[in-house]
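This report refers to the structure that appears directly beneath it.
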Number of protein chains: 4
Amino acid sequence: MCRWLAYSGTPIKLEELLLKREHSLIDQSLHSRMGATTTNGDGFGVGWYDGGETPRVYRSTHPSWNDRNLKELAAGISSPLFFAHIRASTGSAIQETNTHPVRYGKWLWMHNGLIRDFPKVHRELVNDIDDTLFNSIEGTTDSETMFYLALTFGLEDDPIGAVERMVGFVEETGRSHGVEQPIQMTIATSDGTSIYAFRYSSEGDSRSLYFSTRMDVLQAHYPELTELAGLSDETRVVVSEPLGDLAGAWNEVPEAHVGIVQPGQDELRPFTPRR
Amino acid sequence: MCRWLAYSGTPIKLEELLLKREHSLIDQSLHSRMGATTTNGDGFGVGWYDGGETPRVYRSTHPSWNDRNLKELAAGISSPLFFAHIRASTGSAIQETNTHPVRYGKWLWMHNGLIRDFPKVHRELVNDIDDTLFNSIEGTTDSETMFYLALTFGLEDDPIGAVERMVGFVEETGRSHGVEQPIQMTIATSDGTSIYAFRYSSEGDSRSLYFSTRMDVLQAHYPELTELAGLSDETRVVVSEPLGDLAGAWNEVPEAHVGIVQPGQDELRPFTPRR
Amino acid sequence: MCRWLAYSGTPIKLEELLLKREHSLIDQSLHSRMGATTTNGDGFGVGWYDGGETPRVYRSTHPSWNDRNLKELAAGISSPLFFAHIRASTGSAIQETNTHPVRYGKWLWMHNGLIRDFPKVHRELVNDIDDTLFNSIEGTTDSETMFYLALTFGLEDDPIGAVERMVGFVEETGRSHGVEQPIQMTIATSDGTSIYAFRYSSEGDSRSLYFSTRMDVLQAHYPELTELAGLSDETRVVVSEPLGDLAGAWNEVPEAHVGIVQPGQDELRPFTPRR
Amino acid sequence: MCRWLAYSGTPIKLEELLLKREHSLIDQSLHSRMGATTTNGDGFGVGWYDGGETPRVYRSTHPSWNDRNLKELAAGISSPLFFAHIRASTGSAIQETNTHPVRYGKWLWMHNGLIRDFPKVHRELVNDIDDTLFNSIEGTTDSETMFYLALTFGLEDDPIGAVERMVGFVEETGRSHGVEQPIQMTIATSDGTSIYAFRYSSEGDSRSLYFSTRMDVLQAHYPELTELAGLSDETRVVVSEPLGDLAGAWNEVPEAHVGIVQPGQDELRPFTPRR
């Protein structure tokens, strides 16, 4: 399907994670090891917070590996909190409005996975999106529908609760149409301060998701790694698959859990869909 | 807004009308004389019937004047019935799924104009689209919404009646939201046999629309014009603005009328929205 | 690097070979089995002869697997002789003018492979291109340089001799700069009547190349295969890798050979670079 | 042909000049008042210095007026020295490598105008480009050829002298082929510290070029203009045509002159081609 990464911490250039790692996100666009597809070449996007009222977004329908502008921007843009996503379409059109991250106000959203038999439930799901949000929908993906449902269910006030309600609603709707395992997802969303990273699937066998070890621990283990020097203790990366093979650096998000990367202590909690 | 042309008659290469006329459609993309905007550079599309079950469509987000592939295809493709459209966006995203012509089954549809205050009525209009059609919607334009409403109202069986009901519904919905002049349109639609060309606006001041004079009459007037030789008597072009200045060649479609280009005698009838 | 196919025979729709085979060219764009890279997503092109003075070309920078226009055109265009190519860039920019096939007059040209250390020899090679051809160069690839050198050396009059001289010149130039194995190539070129398909590399270990078995023989072996019915005895496909697993259908072009698909008896000859 | 702007001074967001002025560069892409063409829709580019070793470049083949990424980046990127360019092709292909600014090392270059009868002189001009620069050529425009000739003639050490020699060489070469007025140009080039802005044409009737009045003078005249507050005295804009109608704000660069925007006193000098 797709691969993504979310970063929070000491401001770094986007290219540090998109291009310079051994198994960087760009490398994953051609050689994903853990994804549902090896190639993720159906467009990409980056979203970054730079202190303005809303995050900035750069999205393209080209494969990330051959987009020159991405290399320029990744070398030119620094941010303390950014998202990046490479897409492998499950059917909807290749257009910028179907790439991730999707933005609404100060919120970014990106998704790997799918709503199974989406055409069967698409209209019912859209029908529940709030009137005030409807005209903001620009694409046709299941991912964007999930975002606007989560916003409808209160994402801006209670992100985890809203996603739990969104997933509960998607599962209920799918099952009412005979879809046994309606949803498969890893999702990241942020308001510019915290990152919420979800791993869940109806079948209990979710796409891979990892978070990096506390930076002070990593730095103590690997004092010789200059790229880690200068990064704050709170610096954290959440990724579909590890960016390299550094022992002890990557930890799997458990099945049906949500991780919260936030100022102060980060958290990892069970995730339960509800209605 | 946009410019378009529709052709029916002796099979010709698309380039004859897209490129080779004095004021060809490509010329209109940079120098429209009668359009709401001089430049129509927000993508384009062509659709053509070639005897297959459905028409073929080539659409692009590039300006038509600099798209090399269009020149190649226009020189390579002949058809007895084809549509071409150049877009000037009134706000929705520049993506292939927002260009025209839109296709459903054997039907093509293209539009110049707008639904005024579309965000105010968008959801209500979409709500009336039939369930079996909903998942075929790929873009976000008012034009595509109009097409799927017309299909919902029976376009495939009664094209003119369906468009009358669609316009009546759009006007009613718009007015219920305080929009005084809800719709402005010239529309062409076809099933591969007939072309239906509508000119209408709530304010009674519609965008320009012309149809060509009967070919046998033109040939009698201009026996020296080799490009007219060999074209059947029934050959007809409908255009947003004339493709040249040939006296007697172009006739305005009257306000609130629909023209039907069909095997046998063509027709011109008054057009009245209804509920 | 790249993958390509060349077809000559009974006119068929492009989609028959680009899309409908088990291991069609589009399938090879994501899952090449024999190519230097698994993914060939850096643009594509098709070129076809339709009886006009020059062949038509449609080229795009998008991956072939997600380009909707390609699907439309492949379903809409029939031709008795066509080329198709999917690109994996070895470094030069992703732009239409760097995709294949390249066209000059009635000739098409496409290439899989590379000139090693091309930057070392690029200028010297370009210096030998004829003045009358220089302004026709539009891109920056080694492949296009090879084409214009072959044209300079007489491709239009003696295709095989010209390619032999081109390869000899590239090898001589490369070796004068210390490049031990200067060229790796499979090449197809055509004037609309014959196809010349070359397999050669300085190291004697060339990229894969196959040609299809005589159609009457295949039809006799597989009388049940409806897709073969109606194809003339002379129908022939040359491909980077087989389009399926039909036993007896595909024959390897031997190392350092050129195949000639032409009216009457096809030929297979040794290929020897010369100066 | 094209329109461009160059900015040096207090760091500002690119959108201030690209989007927010009354007659911003984006507005000029649809409604140029002084350009050779009204529409400049054949791609665009921005280049900006951000303290790194080389400037960053974002270029696209889409019209600037409908490119969403440009709006995002123009809102997200601040710079003390940046270039922006909108293109109207005079014939060469629409591809990123033919858009401006062109970059070599720390130098940016952009051009409005043309080398007349470029195909007649293209090869001779390219032949004089230094071997060490040849492989850096990526596109096929006259503008890029001029840049690499200027680099060959010493742009990095003596920018004005090198451009004088480049123009002298182009004129000499053109005239040897019977071209009476070989060159028409406004050019901006920068090393990240100074901007050199040239206005010249063989016929003594060059494309328009303006520079802004000293900022302290403007601020004194217009104390109420908040957008001028906070800008350093040395802040300067050079533009193909004024960004608005503020009286006293814009001064024409005289025919055959070069302006130097630099730390300390800016300069305006006569420009004379030489061999």
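Residue numbers start at 1 in each chain; chains themselves are named A, B, ... in the order of the structure tokens; ligands are numbered from 1 in the order shown.
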Practice task
Tell me the residues of chain B close to chain A, meaning within 10 Å using only C-alpha atoms, as number ranges by chain.
Solution key: B: 92-97, 118-124, 127, 131, 134-141
Residues as selected, N, CA, C and O atoms, written as a PDB file, in the first residue's frame, can you do that?
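For reference, part19.pdb as written:
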ATOM      1  N   SER B  92     -11.774  24.610  -8.607  1.00  0.00           N
ATOM      2  CA  SER B  92     -11.433  23.246  -8.193  1.00  0.00           C
ATOM      3  C   SER B  92     -10.063  22.847  -8.729  1.00  0.00           C
ATOM      4  O   SER B  92      -9.517  23.477  -9.627  1.00  0.00           O
ATOM      5  N   ALA B  93      -9.508  21.804  -8.126  1.00  0.00           N
ATOM      6  CA  ALA B  93      -8.120  21.430  -8.354  1.00  0.00           C
ATOM      7  C   ALA B  93      -7.839  21.090  -9.814  1.00  0.00           C
ATOM      8  O   ALA B  93      -8.725  20.666 -10.551  1.00  0.00           O
ATOM      9  N   ILE B  94      -6.581  21.313 -10.200  1.00  0.00           N
ATOM     10  CA  ILE B  94      -6.121  20.988 -11.554  1.00  0.00           C
ATOM     11  C   ILE B  94      -5.694  19.529 -11.536  1.00  0.00           C
ATOM     12  O   ILE B  94      -4.603  19.195 -11.086  1.00  0.00           O
ATOM     13  N   GLN B  95      -6.560  18.658 -11.969  1.00  0.00           N
ATOM     14  CA  GLN B  95      -6.248  17.235 -12.009  1.00  0.00           C
ATOM     15  C   GLN B  95      -7.065  16.619 -13.132  1.00  0.00           C
ATOM     16  O   GLN B  95      -8.115  17.140 -13.514  1.00  0.00           O
ATOM     17  N   GLU B  96      -6.574  15.498 -13.665  1.00  0.00           N
ATOM     18  CA  GLU B  96      -7.232  14.906 -14.841  1.00  0.00           C
ATOM     19  C   GLU B  96      -8.708  14.639 -14.582  1.00  0.00           C
ATOM     20  O   GLU B  96      -9.544  14.814 -15.461  1.00  0.00           O
ATOM     21  N   THR B  97      -9.020  14.225 -13.354  1.00  0.00           N
ATOM     22  CA  THR B  97     -10.404  13.877 -13.059  1.00  0.00           C
ATOM     23  C   THR B  97     -11.313  15.104 -12.982  1.00  0.00           C
ATOM     24  O   THR B  97     -12.531  14.950 -12.861  1.00  0.00           O
ATOM     25  N   PHE B 118     -21.266  27.198  -5.665  1.00  0.00           N
ATOM     26  CA  PHE B 118     -21.308  25.736  -5.652  1.00  0.00           C
ATOM     27  C   PHE B 118     -21.078  25.149  -4.255  1.00  0.00           C
ATOM     28  O   PHE B 118     -21.782  24.198  -3.860  1.00  0.00           O
ATOM     29  N   PRO B 119     -20.146  25.680  -3.459  1.00  0.00           N
ATOM     30  CA  PRO B 119     -19.967  25.098  -2.119  1.00  0.00           C
ATOM     31  C   PRO B 119     -21.245  25.119  -1.269  1.00  0.00           C
ATOM     32  O   PRO B 119     -21.461  24.226  -0.452  1.00  0.00           O
ATOM     33  N   LYS B 120     -22.094  26.105  -1.496  1.00  0.00           N
ATOM     34  CA  LYS B 120     -23.336  26.170  -0.710  1.00  0.00           C
ATOM     35  C   LYS B 120     -24.287  25.014  -1.030  1.00  0.00           C
ATOM     36  O   LYS B 120     -25.086  24.613  -0.178  1.00  0.00           O
ATOM     37  N   VAL B 121     -24.268  24.552  -2.254  1.00  0.00           N
ATOM     38  CA  VAL B 121     -25.262  23.556  -2.690  1.00  0.00           C
ATOM     39  C   VAL B 121     -24.663  22.188  -3.027  1.00  0.00           C
ATOM     40  O   VAL B 121     -25.396  21.236  -3.283  1.00  0.00           O
ATOM     41  N   HIS B 122     -23.337  22.116  -3.003  1.00  0.00           N
ATOM     42  CA  HIS B 122     -22.638  20.917  -3.465  1.00  0.00           C
ATOM     43  C   HIS B 122     -23.208  19.644  -2.817  1.00  0.00           C
ATOM     44  O   HIS B 122     -23.595  18.701  -3.493  1.00  0.00           O
ATOM     45  N   ARG B 123     -23.285  19.665  -1.491  1.00  0.00           N
ATOM     46  CA  ARG B 123     -23.702  18.440  -0.806  1.00  0.00           C
ATOM     47  C   ARG B 123     -25.142  18.062  -1.127  1.00  0.00           C
ATOM     48  O   ARG B 123     -25.436  16.895  -1.374  1.00  0.00           O
ATOM     49  N   GLU B 124     -26.004  19.048  -1.155  1.00  0.00           N
ATOM     50  CA  GLU B 124     -27.408  18.735  -1.465  1.00  0.00           C
ATOM     51  C   GLU B 124     -27.545  18.153  -2.859  1.00  0.00           C
ATOM     52  O   GLU B 124     -28.337  17.242  -3.095  1.00  0.00           O
ATOM     53  N   ASN B 127     -26.244  14.615  -2.869  1.00  0.00           N
ATOM     54  CA  ASN B 127     -27.154  13.700  -2.163  1.00  0.00           C
ATOM     55  C   ASN B 127     -28.218  13.101  -3.085  1.00  0.00           C
ATOM     56  O   ASN B 127     -28.715  12.008  -2.821  1.00  0.00           O
ATOM     57  N   ASP B 131     -27.455   5.982  -6.006  1.00  0.00           N
ATOM     58  CA  ASP B 131     -26.463   5.124  -5.360  1.00  0.00           C
ATOM     59  C   ASP B 131     -25.591   4.367  -6.357  1.00  0.00           C
ATOM     60  O   ASP B 131     -24.395   4.184  -6.140  1.00  0.00           O
ATOM     61  N   PHE B 134     -22.847   6.804  -7.632  1.00  0.00           N
ATOM     62  CA  PHE B 134     -22.023   7.568  -6.700  1.00  0.00           C
ATOM     63  C   PHE B 134     -20.540   7.246  -6.799  1.00  0.00           C
ATOM     64  O   PHE B 134     -19.688   8.136  -6.829  1.00  0.00           O
ATOM     65  N   ASN B 135     -20.193   5.944  -6.867  1.00  0.00           N
ATOM     66  CA  ASN B 135     -18.776   5.581  -6.877  1.00  0.00           C
ATOM     67  C   ASN B 135     -18.078   5.876  -8.193  1.00  0.00           C
ATOM     68  O   ASN B 135     -16.861   5.754  -8.282  1.00  0.00           O
ATOM     69  N   SER B 136     -18.839   6.268  -9.202  1.00  0.00           N
ATOM     70  CA  SER B 136     -18.198   6.639 -10.471  1.00  0.00           C
ATOM     71  C   SER B 136     -17.690   8.078 -10.464  1.00  0.00           C
ATOM     72  O   SER B 136     -16.918   8.463 -11.343  1.00  0.00           O
ATOM     73  N   ILE B 137     -18.134   8.864  -9.494  1.00  0.00           N
ATOM     74  CA  ILE B 137     -17.655  10.247  -9.396  1.00  0.00           C
ATOM     75  C   ILE B 137     -16.175  10.228  -9.060  1.00  0.00           C
ATOM     76  O   ILE B 137     -15.766   9.590  -8.100  1.00  0.00           O
ATOM     77  N   GLU B 138     -15.376  10.914  -9.864  1.00  0.00           N
ATOM     78  CA  GLU B 138     -13.928  10.881  -9.637  1.00  0.00           C
ATOM     79  C   GLU B 138     -13.333  12.236  -9.303  1.00  0.00           C
ATOM     80  O   GLU B 138     -12.239  12.301  -8.753  1.00  0.00           O
ATOM     81  N   GLY B 139     -14.014  13.294  -9.696  1.00  0.00           N
ATOM     82  CA  GLY B 139     -13.456  14.616  -9.474  1.00  0.00           C
ATOM     83  C   GLY B 139     -14.298  15.412  -8.513  1.00  0.00           C
ATOM     84  O   GLY B 139     -15.119  14.847  -7.764  1.00  0.00           O
ATOM     85  N   THR B 140     -14.124  16.722  -8.528  1.00  0.00           N
ATOM     86  CA  THR B 140     -14.809  17.580  -7.571  1.00  0.00           C
ATOM     87  C   THR B 140     -15.474  18.784  -8.226  1.00  0.00           C
ATOM     88  O   THR B 140     -15.789  19.756  -7.547  1.00  0.00           O
ATOM     89  N   THR B 141     -15.698  18.727  -9.531  1.00  0.00           N
ATOM     90  CA  THR B 141     -16.236  19.903 -10.214  1.00  0.00           C
ATOM     91  C   THR B 141     -17.763  19.943 -10.177  1.00  0.00           C
ATOM     92  O   THR B 141     -18.443  18.916 -10.081  1.00  0.00           O
TER      93      THR B 141
END
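Excluding Val163 of chain A itself and same-chain residues fewer than 5 positions from it, the residues having an atom within 10 Å of it are Met146, Phe147, Leu149, Ala150, Leu151, Phe153, Gly154, Leu155, Asp158, Gly168, Phe169, Ile187, Thr189, Tyr196, Phe198, Phe271, Thr272, Pro273 and Arg274 of chain A, counting only C-alpha atoms.
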So that each row is one residue of segment 33-93 of chain B with an atom at most 9 Å from segment 66-85 of chain C, can you give its shortest atom pair and the distance in Å to one decimal, using only C-alpha atoms, rows by chain and rising number, as a Markdown table?
| residue | atom | partner | partner_atom | distance |
| --- | --- | --- | --- | --- |
| B:Asp50 | CA | C:Gly76 | CA | 7.3 |
| B:Gly52 | CA | C:Gly76 | CA | 8.2 |
| B:Pro55 | CA | C:Gly76 | CA | 8.8 |
| B:Arg56 | CA | C:Glu72 | CA | 5.8 |
| B:Val57 | CA | C:Glu72 | CA | 6.3 |
| B:Tyr58 | CA | C:Asn69 | CA | 5.5 |
| B:Arg59 | CA | C:Asn69 | CA | 7.0 |
| B:Ser60 | CA | C:Asn69 | CA | 8.5 |
| B:Leu73 | CA | C:Leu73 | CA | 8.9 |
| B:Gly76 | CA | C:Ile77 | CA | 8.8 |
| B:Ile77 | CA | C:Ile77 | CA | 8.0 |
Any chance you can output those residues with C-alpha atoms as an mmCIF file, in the first residue's frame?
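Writing the result to result-v8.cif gives the following:
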data_model
loop_
_atom_site.group_PDB
_atom_site.id
_atom_site.type_symbol
_atom_site.label_atom_id
_atom_site.label_comp_id
_atom_site.auth_asym_id
_atom_site.auth_seq_id
_atom_site.Cartn_x
_atom_site.Cartn_y
_atom_site.Cartn_z
ATOM 1 C CA ASP B 50 -14.162 4.732 -32.581
ATOM 2 C CA GLY B 52 -15.851 0.371 -29.531
ATOM 3 C CA PRO B 55 -15.629 6.244 -26.276
ATOM 4 C CA ARG B 56 -11.926 6.846 -25.654
ATOM 5 C CA VAL B 57 -10.732 9.788 -23.559
ATOM 6 C CA TYR B 58 -7.366 11.570 -23.397
ATOM 7 C CA ARG B 59 -7.120 14.219 -20.699
ATOM 8 C CA SER B 60 -4.208 16.192 -19.316
ATOM 9 C CA LEU B 73 -2.794 12.086 -31.065
ATOM 10 C CA GLY B 76 -3.054 10.113 -35.451
ATOM 11 C CA ILE B 77 -6.698 9.733 -34.488
#
Non-local contacts of Ser89 of chain A (9 Å; only C-alpha atoms; under 5 positions in same chain excluded) as a CSV table (one decimal) with C-alpha atoms, in the first residue's frame:
chain,number,residue,atom,x,y,z
A,1,MET,CA,0.0,0.0,0.0
A,2,CYS,CA,2.1,2.8,1.3
A,40,ASN,CA,5.5,2.7,-3.7
A,41,GLY,CA,5.6,4.9,-6.8
A,42,ASP,CA,2.1,6.4,-7.1
A,43,GLY,CA,3.0,9.8,-5.8
A,94,ILE,CA,-3.1,9.2,-9.2
A,98,ASN,CA,-5.2,11.7,-3.4
C,66,ASN,CA,-0.6,4.2,-13.4
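Coordinates place atom CA of Ser29 of chain D at a distance of 14.6 Å from atom CA of Glu15 of chain D.
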Strand (DSSP E) call set, DSSP backbone run, segment 25-238 of chain C, as a compact mmCIF listing (two decimals) with C-alpha atoms, in the first residue's frame:
# COMPACT_ATOMS: atom_id res chain seq x y z
CA PHE C 44 7.51 5.29 -20.90
CA GLY C 45 6.67 5.72 -24.54
CA VAL C 46 4.89 4.12 -27.44
CA GLY C 47 5.48 4.75 -31.12
CA TRP C 48 3.30 3.41 -33.89
CA ARG C 56 3.19 8.79 -34.07
CA VAL C 57 4.70 8.93 -30.59
CA TYR C 58 3.10 9.15 -27.15
CA ARG C 59 5.56 9.58 -24.29
CA SER C 60 5.10 10.40 -20.64
CA SER C 78 -4.33 -0.33 -33.72
CA SER C 79 -1.14 -0.64 -35.73
CA PRO C 80 0.73 -3.17 -37.85
CA LEU C 81 4.09 -2.04 -36.45
CA PHE C 82 4.65 -0.47 -33.05
CA PHE C 83 7.26 0.02 -30.34
CA ALA C 84 6.78 0.36 -26.59
CA HIS C 85 9.38 1.17 -23.95
CA ILE C 86 9.42 1.52 -20.16
CA ARG C 87 12.32 3.41 -18.65
CA VAL C 102 13.02 8.60 -30.21
CA ARG C 103 11.83 9.58 -33.67
CA TYR C 104 13.64 11.06 -36.66
CA TRP C 107 12.57 6.15 -38.05
CA LEU C 108 11.94 5.07 -34.48
CA TRP C 109 14.68 4.02 -32.04
CA MET C 110 14.67 2.58 -28.55
CA HIS C 111 17.39 1.22 -26.31
CA ASN C 112 17.96 -0.77 -23.16
CA GLY C 113 21.42 -0.57 -21.62
CA LEU C 114 23.95 2.21 -21.33
CA ILE C 115 27.16 3.78 -22.51
CA ILE C 183 28.63 -0.34 -24.27
CA GLN C 184 25.73 -2.53 -23.21
CA MET C 185 22.68 -2.59 -25.43
CA THR C 186 19.61 -4.07 -26.90
CA ILE C 187 18.24 -1.75 -29.55
CA ALA C 188 15.25 -1.73 -31.85
CA THR C 189 14.93 0.58 -34.80
CA SER C 190 12.47 0.69 -37.68
CA ILE C 195 12.45 -3.90 -37.54
CA TYR C 196 16.14 -4.25 -36.71
CA ALA C 197 16.73 -5.68 -33.24
CA PHE C 198 20.29 -5.69 -31.91
CA ARG C 199 21.76 -7.51 -28.92
CA TYR C 200 25.34 -6.64 -28.06
CA SER C 201 27.65 -5.63 -25.21
CA TYR C 210 13.74 -12.64 -27.27
CA PHE C 211 11.78 -13.06 -30.46
CA SER C 212 8.55 -14.94 -30.93
CA ARG C 236 6.46 -11.32 -34.89
CA VAL C 237 7.23 -9.78 -31.49
CA VAL C 238 10.68 -8.88 -30.20
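For the choices A:Asp233, A:Arg275, A:Val261, A:Asp191, the atom-to-atom distance to Glu164 of chain A is smallest for A:Arg275 when using only C-alpha atoms.
Using only C-alpha atoms, the smallest distance between any of D:Val126, D:Gly178, D:Thr213, D:Glu203 and Met166 of chain D comes from D:Val126.
Taking atom CA of Glu224 of chain C and atom CA of Leu14 of chain C as the two end points, the separation is 22.4 Å.
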